[in-house]
Amino acid sequence: MVLDLVEKKINVSQLKNKAAQTAYIQGLDSADKPDLSKKGQSAPIEDIREGDFKQKSGKPHQPKRKVTDPSERKTVIPSRLRLNIQDPKVATIFKELKGLKVEEFRNACAVLLRVFLELSVDAYMGTNNLPRKFKDKGGQLRDKTLQIKVEEVIEHLVNVKGCERKDLKSVSRGLSVPHSPFNIDLLHDYVHNRFVTPQAKSLLEAWNDAHPFFEQVWS
């Protein structure tokens with residue numbers, strides 16, 4: 001109709017009464033006529049309420065869940081990770097490492113990761129009756145170093161628990177390779193050396209390397 005008016009095939013005066021309008025509509029091609037099968041329910045305008053324009057009840061719209069890219073992690077430990085940690089203090093440290101943003105709290109995260117490692121190892125050794133002390137040449141009881149304790153826990157996991165050694169390789173490498181992000185001496189330096197500053201990327205990589213180890217320790 002608009003095109004016909006623009007092209008002056010008809011004018012407004014020709015469509016002023018109902019009969020003329022009906023005749024015009026009936027003369028349209030079928031492709032130009034409205035599909036009456038899609039006609040909605042009619043109602044007097046005074047009966048229309050605001051609620052009629054709201055979404056009808058039915059299946060609620062479910063927003064798509066955003067897929068998280070693991071490489072964009074902001075915390076040392078992934079926030080959704082669950083481990084069966086029974087020790088209250090270790091569980092608290094675990095929770096803090098899942099909540100602290102590593103870019104903002106690098107030093108705190110580095111120290112907590114070092115503590116989390118040692119307390120996890122100590123808990124495992126206690127549960128499995130592995131000695132944490134040794135006698136020196138003079139017969140004095142001494143605490144084993146963290147490195148030795150980690151080595152012994154790895155051997156116990158492999159030889160007694162049946163874990164795959166390859167799954168713990170990143171932690172084993174960290175015991176001897178200086179540039180490994182999970183190097184024990186580096187973790188010590190985060191705590192004791194004021195000239196060693198932890199980097200967020202290294203802390204994230206350290207957890208990535210140690211994740212399989214901690215899963216087995218707390219399984």
# chains A, B, ... in the order shown; residues from 1 in each chain; ligands from 1
>>> residues_around(residues="segment 84-88 of chain A", least_positions_apart="2", cutoff="6 Å", atoms="only C-alpha atoms", output="MDAnalysis selection string")
chainID A and resid 90:91 218
>>> write_last_selection(atoms="N, CA and C atoms", output="short mmCIF file (atom, residue, chain, number, x, y, z; two decimals), in the first residue's frame")
data_model
loop_
_atom_site.label_atom_id
_atom_site.label_comp_id
_atom_site.auth_asym_id
_atom_site.auth_seq_id
_atom_site.Cartn_x
_atom_site.Cartn_y
_atom_site.Cartn_z
N VAL A 90 45.63 -26.99 57.10
CA VAL A 90 45.98 -27.15 55.69
C VAL A 90 44.78 -26.79 54.81
N ALA A 91 43.59 -27.16 55.25
CA ALA A 91 42.38 -26.84 54.49
C ALA A 91 42.19 -25.33 54.39
N TRP A 218 46.49 -36.16 48.94
CA TRP A 218 45.22 -35.98 49.65
C TRP A 218 44.10 -36.87 49.11
#
>>> residues_around(residues="His192 of chain A", least_positions_apart="6", cutoff="12 Å", atoms="only C-alpha atoms", output="ChimeraX atom specification")
/A:107,110-111,114,185-186
>>> closest_residue(among="A:Arg106, A:Lys149, A:Glu205, A:Lys144", to="Ser120 of chain A", atoms="only C-alpha atoms")
A:Lys149
>>> atom_distance(atom1="atom CA of His211 of chain A", atom2="atom CA of Glu96 of chain A")
16.1 Å
>>> closest_residue(among="A:Gln147, A:Gln199, A:Ser170, A:Asn128", to="Pro212 of chain A", atoms="only C-alpha atoms")
A:Ser170
>>> residues_around(residues="Val153 of chain A", least_positions_apart="3", cutoff="9 Å", atoms="only C-alpha atoms", output="list in words")
Val121, Tyr124, Met125, Leu130, Ile148, Lys149, Val150, His156, Leu157, Val158 and Val217 of chain A
>>> atom_distance(atom1="atom CA of Ser180 of chain A", atom2="atom CA of Val76 of chain A")
16.1 Å
>>> atom_distance(atom1="atom CA of Ile77 of chain A", atom2="atom CA of Leu204 of chain A")
7.7 Å
>>> residues_around(residues="segment 102-104 of chain A", least_positions_apart="2", cutoff="7 Å", atoms="only C-alpha atoms", output="number ranges by chain")
A: 74-76, 100, 106, 109, 200
